[in-house]
$ cat model_35.csv   # CSV, C-alpha atoms and all ligand atoms
chain,number,residue,atom,x,y,z
A,7,MET,CA,6.5,23.3,-18.1
A,8,ILE,CA,10.0,21.8,-18.4
A,9,LYS,CA,11.7,23.9,-21.1
A,10,ASN,CA,14.8,21.8,-21.8
A,11,ARG,CA,14.8,18.6,-23.8
A,12,PHE,CA,15.9,15.3,-22.3
A,13,GLN,CA,15.8,11.6,-23.0
A,14,TYR,CA,13.1,9.8,-20.9
A,15,LEU,CA,13.9,6.2,-20.0
A,16,ALA,CA,11.6,3.8,-18.0
A,17,PRO,CA,13.6,0.6,-17.5
A,18,LYS,CA,11.7,-2.6,-16.8
A,19,SER,CA,14.0,-3.9,-14.0
A,20,VAL,CA,16.3,-2.5,-11.4
A,21,GLU,CA,19.2,-4.2,-13.2
A,22,GLU,CA,18.4,-2.3,-16.4
A,23,ALA,CA,18.0,0.9,-14.4
A,24,ALA,CA,21.4,0.5,-12.9
A,25,SER,CA,23.0,-0.3,-16.2
A,26,LEU,CA,21.4,2.7,-17.9
A,27,LEU,CA,22.6,4.9,-15.0
A,28,ALA,CA,26.1,3.6,-15.3
A,29,GLN,CA,26.3,4.7,-18.9
A,30,SER,CA,26.3,8.4,-18.0
A,31,PRO,CA,25.7,9.1,-14.3
A,32,ALA,CA,26.8,12.8,-14.3
A,33,ASP,CA,24.0,14.0,-16.6
A,34,THR,CA,21.3,11.5,-15.6
A,35,GLU,CA,18.5,12.1,-13.0
A,36,VAL,CA,16.7,9.3,-11.3
A,37,ILE,CA,13.0,9.8,-10.7
A,38,GLY,CA,11.0,8.1,-7.9
A,39,GLY,CA,7.7,9.9,-7.5
A,40,GLY,CA,9.1,13.1,-9.0
A,41,THR,CA,7.6,15.4,-6.4
A,42,TRP,CA,10.9,17.1,-5.8
A,43,VAL,CA,13.0,16.5,-8.9
A,44,VAL,CA,10.3,17.5,-11.4
A,45,VAL,CA,9.6,20.7,-9.5
A,46,GLU,CA,13.3,21.6,-9.8
A,47,MET,CA,13.4,20.7,-13.5
A,48,THR,CA,10.3,22.8,-14.1
A,49,ALA,CA,12.0,25.7,-12.3
A,50,GLY,CA,15.1,25.2,-14.4
A,51,ASP,CA,17.2,24.4,-11.3
A,52,ARG,CA,18.1,20.9,-12.7
A,53,ASP,CA,18.9,20.3,-16.4
A,54,PRO,CA,19.5,16.5,-16.9
A,55,ARG,CA,20.2,15.2,-20.4
A,56,ARG,CA,18.5,11.9,-19.4
A,57,VAL,CA,15.9,10.9,-16.9
A,58,ILE,CA,15.5,7.4,-15.5
A,59,ASP,CA,11.9,6.9,-14.2
A,60,LEU,CA,11.8,3.9,-11.8
A,61,LYS,CA,8.0,3.4,-12.2
A,62,ASN,CA,8.2,0.2,-14.3
A,63,ALA,CA,11.3,-1.3,-12.6
A,64,GLY,CA,9.5,-3.6,-10.2
A,65,LEU,CA,10.3,-1.5,-7.1
A,66,ARG,CA,6.8,-0.7,-5.8
A,67,TYR,CA,6.5,-3.1,-2.9
A,68,VAL,CA,6.3,-3.2,0.9
A,69,ARG,CA,6.8,-6.7,2.3
A,70,GLU,CA,8.0,-8.6,5.4
A,71,GLU,CA,11.3,-10.5,4.9
A,72,GLY,CA,13.1,-12.2,7.7
A,73,GLY,CA,12.0,-10.0,10.6
A,74,ALA,CA,12.2,-6.8,8.6
A,75,VAL,CA,9.8,-4.6,6.6
A,76,VAL,CA,11.4,-4.0,3.2
A,77,ILE,CA,10.2,-1.0,1.2
A,78,GLY,CA,11.0,-0.8,-2.5
A,79,ALA,CA,12.3,2.4,-3.9
A,80,ARG,CA,9.1,3.1,-5.8
A,81,ALA,CA,6.7,2.5,-2.9
A,82,THR,CA,4.9,5.7,-1.9
A,83,TYR,CA,4.0,6.9,1.6
A,84,THR,CA,0.4,5.6,0.9
A,85,ASP,CA,1.7,2.2,-0.1
A,86,VAL,CA,3.4,1.9,3.2
A,87,ILE,CA,0.4,3.2,5.2
A,88,ARG,CA,-1.8,0.6,3.5
A,89,SER,CA,0.5,-2.4,3.6
A,90,ALA,CA,-0.1,-5.2,6.0
A,91,ALA,CA,3.7,-5.5,6.6
A,92,ALA,CA,4.2,-2.0,7.9
A,93,GLN,CA,1.5,-2.3,10.6
A,94,LYS,CA,4.2,-4.2,12.6
A,95,ILE,CA,6.0,-0.9,12.9
A,96,PRO,CA,3.4,1.7,14.0
A,97,ALA,CA,6.1,4.4,14.2
A,98,LEU,CA,6.7,4.0,10.5
A,99,VAL,CA,3.0,4.3,9.7
A,100,ALA,CA,2.7,7.3,11.9
A,101,MET,CA,5.6,9.0,10.1
A,102,CYS,CA,4.1,8.3,6.7
A,103,THR,CA,0.6,9.4,7.8
A,104,GLY,CA,1.9,12.7,9.1
A,105,ILE,CA,3.6,13.8,5.9
A,106,THR,CA,2.0,17.1,4.8
A,107,GLY,CA,1.1,17.9,1.3
A,108,GLY,CA,-2.1,15.9,1.5
A,109,ALA,CA,-3.2,12.6,-0.2
A,110,GLN,CA,-1.9,13.8,-3.6
A,111,LEU,CA,1.6,14.0,-2.3
A,112,ARG,CA,1.5,10.8,-0.2
A,113,ASN,CA,0.1,8.9,-3.2
A,114,ARG,CA,3.1,9.9,-5.3
A,115,ALA,CA,6.1,10.7,-3.2
A,116,THR,CA,8.5,7.9,-2.0
A,117,ILE,CA,10.5,7.5,1.1
A,118,ALA,CA,13.4,6.5,-1.1
A,119,GLY,CA,13.2,9.9,-2.8
A,120,SER,CA,13.2,11.7,0.5
A,121,VAL,CA,16.2,9.6,1.7
A,122,CYS,CA,18.3,10.4,-1.5
A,123,TYR,CA,17.4,14.1,-1.5
A,124,ALA,CA,18.5,14.3,2.2
A,125,ASN,CA,16.9,17.5,3.2
A,126,PRO,CA,17.6,17.5,6.9
A,127,SER,CA,14.2,18.8,7.8
A,128,ALA,CA,12.4,15.8,6.4
A,129,ASP,CA,10.6,13.2,8.5
A,130,ALA,CA,12.1,10.0,7.2
A,131,HIS,CA,15.8,10.4,8.2
A,132,GLY,CA,15.4,10.4,12.0
A,133,LEU,CA,12.9,7.6,11.9
A,134,LEU,CA,15.0,5.4,9.7
A,135,VAL,CA,18.2,6.0,11.8
A,136,GLY,CA,16.2,5.5,15.0
A,137,LEU,CA,14.7,2.2,13.9
A,138,GLY,CA,18.1,0.9,12.7
A,139,ALA,CA,17.2,0.8,9.0
A,140,THR,CA,19.6,-0.5,6.3
A,141,PHE,CA,19.7,1.0,2.8
A,142,ASN,CA,20.2,-1.5,-0.1
A,143,LEU,CA,22.1,0.3,-2.8
A,144,ARG,CA,22.7,-1.0,-6.3
A,145,THR,CA,25.1,-0.2,-9.2
A,146,ALA,CA,25.6,-2.0,-12.5
A,147,ALA,CA,28.4,-3.9,-10.8
A,148,GLY,CA,26.5,-5.1,-7.7
A,149,THR,CA,24.9,-4.2,-4.4
A,150,ARG,CA,26.0,-3.0,-1.0
A,151,GLN,CA,24.2,-2.3,2.3
A,152,VAL,CA,24.7,0.9,4.3
A,153,ALA,CA,23.2,1.5,7.7
A,154,ALA,CA,20.9,4.6,7.8
A,155,ALA,CA,23.1,6.0,10.6
A,156,ASP,CA,26.1,6.0,8.2
A,157,PHE,CA,24.3,7.2,5.1
A,158,TYR,CA,23.8,10.9,5.9
A,159,ARG,CA,26.9,13.0,5.7
A,160,GLY,CA,25.1,16.4,6.2
A,161,PRO,CA,22.5,18.6,4.6
A,162,PHE,CA,21.7,17.3,1.1
A,163,ASP,CA,24.8,15.1,1.2
A,164,THR,CA,24.9,11.3,1.5
A,165,VAL,CA,27.3,8.5,0.8
A,166,LEU,CA,25.3,7.6,-2.4
A,167,GLN,CA,27.9,7.5,-5.2
A,168,ALA,CA,27.6,8.5,-8.8
A,169,GLY,CA,25.9,5.6,-10.7
A,170,GLU,CA,24.3,4.2,-7.5
A,171,LEU,CA,20.6,3.7,-6.9
A,172,LEU,CA,18.7,3.2,-3.7
A,173,GLU,CA,16.9,-0.1,-4.4
A,174,SER,CA,15.1,-0.7,-1.1
A,175,ILE,CA,15.0,0.1,2.6
A,176,SER,CA,15.0,-2.6,5.3
A,177,ILE,CA,13.6,-1.8,8.7
A,178,PRO,CA,13.9,-4.4,11.4
A,179,VAL,CA,10.7,-5.0,13.3
A,180,PRO,CA,11.4,-3.9,16.9
A,181,VAL,CA,11.1,-6.9,19.2
A,182,GLY,CA,10.2,-6.5,22.9
A,183,MET,CA,10.3,-2.7,22.6
A,184,ARG,CA,7.7,-0.1,22.3
A,185,GLN,CA,8.2,2.5,19.6
A,186,GLY,CA,7.0,6.1,19.2
A,187,TYR,CA,7.2,8.8,16.6
A,188,TYR,CA,6.6,12.5,17.4
A,189,LYS,CA,6.8,15.3,15.0
A,190,PHE,CA,6.8,19.0,15.8
A,191,LYS,CA,5.8,21.5,13.1
A,192,VAL,CA,4.9,25.1,13.1
A,193,ALA,CA,1.8,24.9,10.9
A,194,GLU,CA,-0.4,22.1,9.7
A,195,SER,CA,1.0,22.6,6.2
A,196,SER,CA,4.7,22.8,7.1
A,197,TRP,CA,7.5,20.3,7.2
A,198,PRO,CA,8.8,19.2,10.6
A,199,ILE,CA,11.2,21.4,12.5
A,200,CYS,CA,12.1,18.6,15.0
A,201,THR,CA,11.2,14.9,15.2
A,202,GLY,CA,11.7,12.2,17.8
A,203,THR,CA,11.7,8.5,17.3
A,204,SER,CA,11.8,6.4,20.4
A,205,LEU,CA,12.4,2.7,21.3
A,206,VAL,CA,11.5,1.9,24.9
A,207,GLY,CA,12.5,-1.5,26.4
A,208,ALA,CA,10.6,-3.5,29.0
A,209,ASP,CA,13.3,-2.6,31.5
A,210,GLY,CA,12.7,1.2,30.9
A,211,SER,CA,15.8,1.7,28.8
A,212,VAL,CA,15.2,4.3,26.1
A,213,THR,CA,16.8,5.2,22.8
A,214,VAL,CA,15.6,8.4,21.1
A,215,THR,CA,16.7,9.7,17.7
A,216,ILE,CA,16.2,13.3,17.0
A,217,GLY,CA,15.6,14.3,13.3
A,218,ALA,CA,15.1,17.5,11.4
A,219,ALA,CA,17.1,19.6,14.0
A,220,ASN,CA,20.7,18.8,13.3
A,221,SER,CA,22.6,18.5,10.0
A,222,ARG,CA,22.2,14.7,10.4
A,223,PRO,CA,20.1,12.7,12.9
A,224,VAL,CA,21.5,12.1,16.4
A,225,THR,CA,20.7,9.3,18.8
A,226,VAL,CA,20.8,9.4,22.6
A,227,THR,CA,20.1,6.8,25.2
A,228,GLY,CA,18.7,7.0,28.8
A,229,SER,CA,16.0,5.8,31.0
A,230,ALA,CA,12.2,6.3,31.1
A,231,SER,CA,12.6,7.1,34.8
A,232,ASP,CA,14.8,10.1,34.0
A,233,LEU,CA,13.2,11.9,31.2
A,234,ASP,CA,14.8,15.2,32.2
A,235,GLY,CA,18.3,13.6,31.9
A,236,LEU,CA,17.3,12.2,28.5
A,237,ALA,CA,16.1,15.7,27.4
A,238,ARG,CA,19.4,17.3,28.4
A,239,ALA,CA,21.3,14.6,26.5
A,240,ALA,CA,19.1,15.3,23.4
A,241,GLU,CA,19.8,19.0,23.5
A,242,ALA,CA,23.6,18.5,24.0
A,243,ALA,CA,23.6,16.1,21.0
A,244,ILE,CA,22.6,18.8,18.6
A,245,THR,CA,26.1,20.0,17.7
A,246,SER,CA,25.5,21.2,14.2
A,247,PRO,CA,22.0,22.7,14.3
A,248,PHE,CA,20.2,23.0,11.0
A,249,SER,CA,18.5,26.3,10.0
A,250,ASP,CA,16.1,26.9,7.2
A,251,VAL,CA,13.0,29.1,6.5
A,252,LEU,CA,11.0,27.1,9.0
A,253,ALA,CA,13.1,27.6,12.1
A,254,ASP,CA,16.5,28.7,13.3
A,255,GLY,CA,19.0,26.0,14.3
A,256,GLU,CA,19.3,27.3,17.8
A,257,TYR,CA,15.5,27.1,18.3
A,258,ARG,CA,15.6,23.5,17.1
A,259,LYS,CA,18.3,22.7,19.6
A,260,GLN,CA,16.4,24.2,22.4
A,261,ILE,CA,13.3,22.2,21.7
A,262,ALA,CA,15.1,18.9,21.1
A,263,GLY,CA,14.8,17.9,24.8
A,264,ALA,CA,11.1,18.4,24.9
A,265,ILE,CA,10.7,16.5,21.6
A,266,ALA,CA,12.7,13.6,23.1
A,267,LYS,CA,10.3,13.4,26.0
A,268,ARG,CA,7.2,13.5,23.8
A,269,ALA,CA,8.6,10.8,21.6
A,270,VAL,CA,9.0,8.6,24.7
A,271,LYS,CA,5.4,9.4,25.8
A,272,ALA,CA,4.2,8.5,22.2
A,273,ALA,CA,5.7,5.1,22.8
A,274,VAL,CA,4.4,4.4,26.3
A,301,LIG,C1,3.7,20.0,-0.8
A,301,LIG,C2,4.8,19.1,-0.2
A,301,LIG,C3,4.8,18.8,1.1
A,301,LIG,C4,5.8,18.0,1.7
A,301,LIG,N1,5.7,17.7,3.1
A,301,LIG,C5,6.7,17.0,3.6
A,301,LIG,C6,6.7,16.6,5.0
A,301,LIG,O1,5.8,17.0,5.8
A,301,LIG,N2,7.7,15.9,5.5
A,301,LIG,C7,8.7,15.4,4.7
A,301,LIG,O2,9.6,14.7,5.2
A,301,LIG,N3,8.7,15.7,3.4
A,301,LIG,C8,7.8,16.5,2.8
A,301,LIG,N4,7.8,16.7,1.5
A,301,LIG,C9,8.9,16.2,0.7
A,301,LIG,C10,8.5,14.8,0.1
A,301,LIG,O3,8.6,13.9,1.2
A,301,LIG,C11,9.6,14.5,-1.0
A,301,LIG,O4,9.3,15.4,-2.0
A,301,LIG,C12,9.4,13.1,-1.5
A,301,LIG,O5,9.5,12.1,-0.5
A,301,LIG,C13,10.5,12.8,-2.5
A,301,LIG,O6,10.2,11.6,-3.1
A,301,LIG,P1,10.0,11.4,-4.6
A,301,LIG,O7,9.9,10.0,-4.9
A,301,LIG,O8,9.0,12.3,-5.2
A,301,LIG,O9,11.5,11.9,-5.1
A,301,LIG,P2,12.0,12.5,-6.5
A,301,LIG,O10,11.5,13.9,-6.6
A,301,LIG,O11,11.6,11.6,-7.6
A,301,LIG,O12,13.5,12.4,-6.2
A,301,LIG,C14,14.2,13.2,-5.2
A,301,LIG,C15,15.7,13.1,-5.4
A,301,LIG,O13,16.0,11.7,-5.0
A,301,LIG,C16,16.7,11.1,-6.2
A,301,LIG,N5,16.1,9.7,-6.2
A,301,LIG,C17,14.8,9.4,-6.1
A,301,LIG,N6,14.7,8.0,-6.0
A,301,LIG,C18,16.0,7.5,-6.0
A,301,LIG,C19,16.5,6.2,-6.0
A,301,LIG,N7,15.7,5.1,-5.8
A,301,LIG,N8,17.8,6.1,-6.1
A,301,LIG,C20,18.7,7.2,-6.2
A,301,LIG,N9,18.2,8.4,-6.3
A,301,LIG,C21,16.9,8.6,-6.2
A,301,LIG,C22,16.3,11.9,-7.4
A,301,LIG,O14,17.3,11.8,-8.4
A,301,LIG,C23,16.2,13.3,-6.8
A,301,LIG,O15,17.5,13.8,-6.7
A,301,LIG,C24,6.8,17.5,0.9
A,301,LIG,C25,6.9,17.8,-0.5
A,301,LIG,C26,5.9,18.6,-1.0
A,301,LIG,C27,6.0,18.9,-2.5
$ encode --input "model_35.csv" --output "structure tokens"
Amino acid sequence: MIKNRFQYLAPKSVEEAASLLAQSPADTEVIGGGTWVVVEMTAGDRDPRRVIDLKNAGLRYVREEGGAVVIGARATYTDVIRSAAAQKIPALVAMCTGITGGAQLRNRATIAGSVCYANPSADAHGLLVGLGATFNLRTAAGTRQVAAADFYRGPFDTVLQAGELLESISIPVPVGMRQGYYKFKVAESSWPICTGTSLVGADGSVTVTIGAANSRPVTVTGSASDLDGLARAAEAAITSPFSDVLADGEYRKQIAGAIAKRAVKAAV
């Protein structure tokens, strides 16, 4: 049970949500699916005076727009898995399907919530950086776009400013490239301890983004004909390894090369 009292707001549009947030950003919490923030409020770790629930703000959509799949901030993992648009990016569907916590979590939690919370050991960050996603951010004053690669500053730290909402995520549909997503976790019920997202061109050129191992995702390039070289590059790219209860950072660094290879194999 949440012990502290707060004002609950459920705006009817993203403009209204941004305007409400602008009134008092410091003591307002935005809720997507609430799978993280409500747990923290129940535990007493967060004590907002106001809560803005995005459920009625018209942000629950997954659609194709101009060669990209656009995911509204209130779309759940299940919405993405079931959408026709997302089938054009199998690596995205694989990521969403592999989220642990069962159907109950996937039916409620949003990718946008994971992005804003920015726990380095989440699935979404490496995939979104690897696929060249753009985050569409909104304030009461207007909108701006930030590349996923520039969004994450470090563990639980992003460029999202006070009073700013993540409105949607745009992921370009990869053209002429195979794509793969590989996630390594220690138990069926655990979060990932290292992920790999690959794009493989017809000429054998390879790009792999390693997630959940470093304080922010890292990207390396190489060739499908030299997977050992790619693996060495992936390990070397882990310069600020992330540790948590699941795994030590050094372990994550040591397996990054193997995960890079598996991500390429997942694509081809
Ligand atoms: C049992 C369990 C298993 C899990 N397993 C995995 C796993 O395998 N892999 C994985 O990656 N994750 C996993 N997670 C984490 C899960 O992915 C996140 O809890 C979820 O994606 C957060 O989304 P949400 O919509 O519920 O966020 P919320 O709890 O609503 O919000 C999270 C944070 O983001 C902010 N926020 C939310 N939406 C916006 C927005 N549009 N604009 C600005 N700020 C916003 C909130 O203010 C809050 O600070 C698991 C969680 C649980 C509880």
$ residues_near_point --input "model_35.csv" --point "(1.1, -1.4, 4.6)" --cutoff "12 Å" --atoms "only C-alpha atoms" --output "list in words"
Arg66, Tyr67, Val68, Arg69, Glu70, Val75, Val76, Ile77, Ala81, Thr82, Tyr83, Thr84, Asp85, Val86, Ile87, Arg88, Ser89, Ala90, Ala91, Ala92, Gln93, Lys94, Ile95, Pro96, Leu98, Val99, Ala100, Cys102 and Thr103 of chain A
$ closest_residue --input "model_35.csv" --among "A:Ala219, A:Leu166, A:Ala139, A:Ala269" --to "ligand LIG 301 (chain A)" --atoms "only C-alpha atoms and all ligand atoms"
A:Leu166
$ residues_around --input "model_35.csv" --residues "A:Thr201" --least-positions-apart "3" --cutoff "7 Å" --atoms "all atoms listed in the file" --output "list in words"
Asp129, Gly132, Tyr188, Lys189, Phe190, Pro198, Ile216, Gly217, Ala218 and Ile265 of chain A
$ closest_residue --input "model_35.csv" --among "A:Ser211, A:Ser231, A:Ser204, A:Asn220" --to "A:Ala273" --atoms "all atoms listed in the file"
A:Ser204
$ atom_distance --input "model_35.csv" --atom1 "atom CA of A:Pro161" --atom2 "atom CA of A:Arg222"
7.0 Å
$ residues_near_ligand --input "model_35.csv" --ligand "ligand LIG 301 (chain A)" --cutoff "7 Å" --atoms "only C-alpha atoms and all ligand atoms" --output "ChimeraX atom specification"
/A:35-44,79-80,104-107,111,114-120,122-123,127-130,170-173,196-198
$ closest_residue --input "model_35.csv" --among "A:Ala266, A:Gly207, A:Ile199, A:Ser25" --to "A:Ala253" --atoms "all atoms listed in the file"
A:Ile199
$ closest_residue --input "model_35.csv" --among "A:Ala237, A:Leu252, A:Leu15, A:Ala124" --to "A:Ser195" --atoms "all atoms listed in the file"
A:Leu252
$ atom_distance --input "model_35.csv" --atom1 "atom CA of A:Ser221" --atom2 "atom CA of A:Gln167"
19.5 Å
$ closest_residue --input "model_35.csv" --among "A:Arg112, A:Arg150, A:Arg11, A:Lys191" --to "A:Val57" --atoms "all atoms listed in the file"
A:Arg11
$ atom_distance --input "model_35.csv" --atom1 "atom CA of A:Lys271" --atom2 "atom CA of A:Met183"
13.4 Å
$ closest_residue --input "model_35.csv" --among "A:Gly160, A:Gly64, A:Gly169, A:Gly73" --to "A:Pro247" --atoms "all atoms listed in the file"
A:Gly160
$ residues_around --input "model_35.csv" --residues "A:Gln13" --least-positions-apart "6" --cutoff "10 Å" --atoms "all atoms listed in the file" --output "MDAnalysis selection string"
chainID A and resid 34 54:58
$ residues_near_point --input "model_35.csv" --point "(14.1, 8.3, 30.9)" --cutoff "10 Å" --atoms "all atoms listed in the file" --output "list in words"
Val206, Gly210, Ser211, Val212, Thr213, Val214, Thr227, Gly228, Ser229, Ala230, Ser231, Asp232, Leu233, Asp234, Gly235, Leu236, Ala237, Ala266, Lys267 and Val270 of chain A
$ decode --input "model_35.csv" --residues "stretch 49-63 of chain A" --atoms "N, CA, C and O atoms" --output "mmCIF file, in the first residue's frame"
data_model
loop_
_atom_site.group_PDB
_atom_site.id
_atom_site.type_symbol
_atom_site.label_atom_id
_atom_site.label_comp_id
_atom_site.auth_asym_id
_atom_site.auth_seq_id
_atom_site.Cartn_x
_atom_site.Cartn_y
_atom_site.Cartn_z
ATOM 1 N N ALA A 49 7.138 1.089 -1.606
ATOM 2 C CA ALA A 49 8.233 0.844 -0.655
ATOM 3 C C ALA A 49 8.633 2.119 0.102
ATOM 4 O O ALA A 49 9.459 2.072 1.011
ATOM 5 N N GLY A 50 8.083 3.255 -0.311
ATOM 6 C CA GLY A 50 8.431 4.521 0.344
ATOM 7 C C GLY A 50 9.708 5.130 -0.185
ATOM 8 O O GLY A 50 10.231 6.103 0.371
ATOM 9 N N ASP A 51 10.236 4.592 -1.306
ATOM 10 C CA ASP A 51 11.483 5.120 -1.874
ATOM 11 C C ASP A 51 11.239 6.366 -2.726
ATOM 12 O O ASP A 51 12.168 7.094 -3.043
ATOM 13 N N ARG A 52 9.994 6.577 -3.159
ATOM 14 C CA ARG A 52 9.637 7.800 -3.889
ATOM 15 C C ARG A 52 8.385 8.357 -3.237
ATOM 16 O O ARG A 52 7.490 7.599 -2.875
ATOM 17 N N ASP A 53 8.351 9.683 -3.132
ATOM 18 C CA ASP A 53 7.239 10.315 -2.420
ATOM 19 C C ASP A 53 6.758 11.548 -3.180
ATOM 20 O O ASP A 53 6.891 12.673 -2.700
ATOM 21 N N PRO A 54 6.222 11.358 -4.405
ATOM 22 C CA PRO A 54 5.790 12.525 -5.187
ATOM 23 C C PRO A 54 4.537 13.169 -4.594
ATOM 24 O O PRO A 54 3.734 12.490 -3.948
ATOM 25 N N ARG A 55 4.389 14.443 -4.818
ATOM 26 C CA ARG A 55 3.162 15.147 -4.404
ATOM 27 C C ARG A 55 2.076 14.970 -5.465
ATOM 28 O O ARG A 55 0.907 15.065 -5.182
ATOM 29 N N ARG A 56 2.530 14.793 -6.729
ATOM 30 C CA ARG A 56 1.581 14.628 -7.835
ATOM 31 C C ARG A 56 2.064 13.486 -8.731
ATOM 32 O O ARG A 56 3.272 13.282 -8.903
ATOM 33 N N VAL A 57 1.095 12.774 -9.307
ATOM 34 C CA VAL A 57 1.421 11.703 -10.233
ATOM 35 C C VAL A 57 0.663 11.961 -11.530
ATOM 36 O O VAL A 57 -0.546 12.206 -11.509
ATOM 37 N N ILE A 58 1.394 11.920 -12.653
ATOM 38 C CA ILE A 58 0.740 12.074 -13.961
ATOM 39 C C ILE A 58 0.750 10.717 -14.656
ATOM 40 O O ILE A 58 1.804 10.210 -15.054
ATOM 41 N N ASP A 59 -0.427 10.117 -14.765
ATOM 42 C CA ASP A 59 -0.578 8.815 -15.407
ATOM 43 C C ASP A 59 -0.872 9.056 -16.894
ATOM 44 O O ASP A 59 -1.822 9.773 -17.224
ATOM 45 N N LEU A 60 -0.064 8.446 -17.760
ATOM 46 C CA LEU A 60 -0.198 8.705 -19.204
ATOM 47 C C LEU A 60 -1.255 7.827 -19.879
ATOM 48 O O LEU A 60 -1.399 7.856 -21.094
ATOM 49 N N LYS A 61 -2.004 7.055 -19.092
ATOM 50 C CA LYS A 61 -2.862 6.026 -19.708
ATOM 51 C C LYS A 61 -3.940 6.591 -20.633
ATOM 52 O O LYS A 61 -4.360 5.895 -21.559
ATOM 53 N N ASN A 62 -4.401 7.825 -20.423
ATOM 54 C CA ASN A 62 -5.457 8.397 -21.283
ATOM 55 C C ASN A 62 -4.921 9.439 -22.271
ATOM 56 O O ASN A 62 -5.689 10.166 -22.891
ATOM 57 N N ALA A 63 -3.602 9.542 -22.372
ATOM 58 C CA ALA A 63 -3.009 10.652 -23.129
ATOM 59 C C ALA A 63 -2.823 10.345 -24.619
ATOM 60 O O ALA A 63 -2.154 11.097 -25.337
#
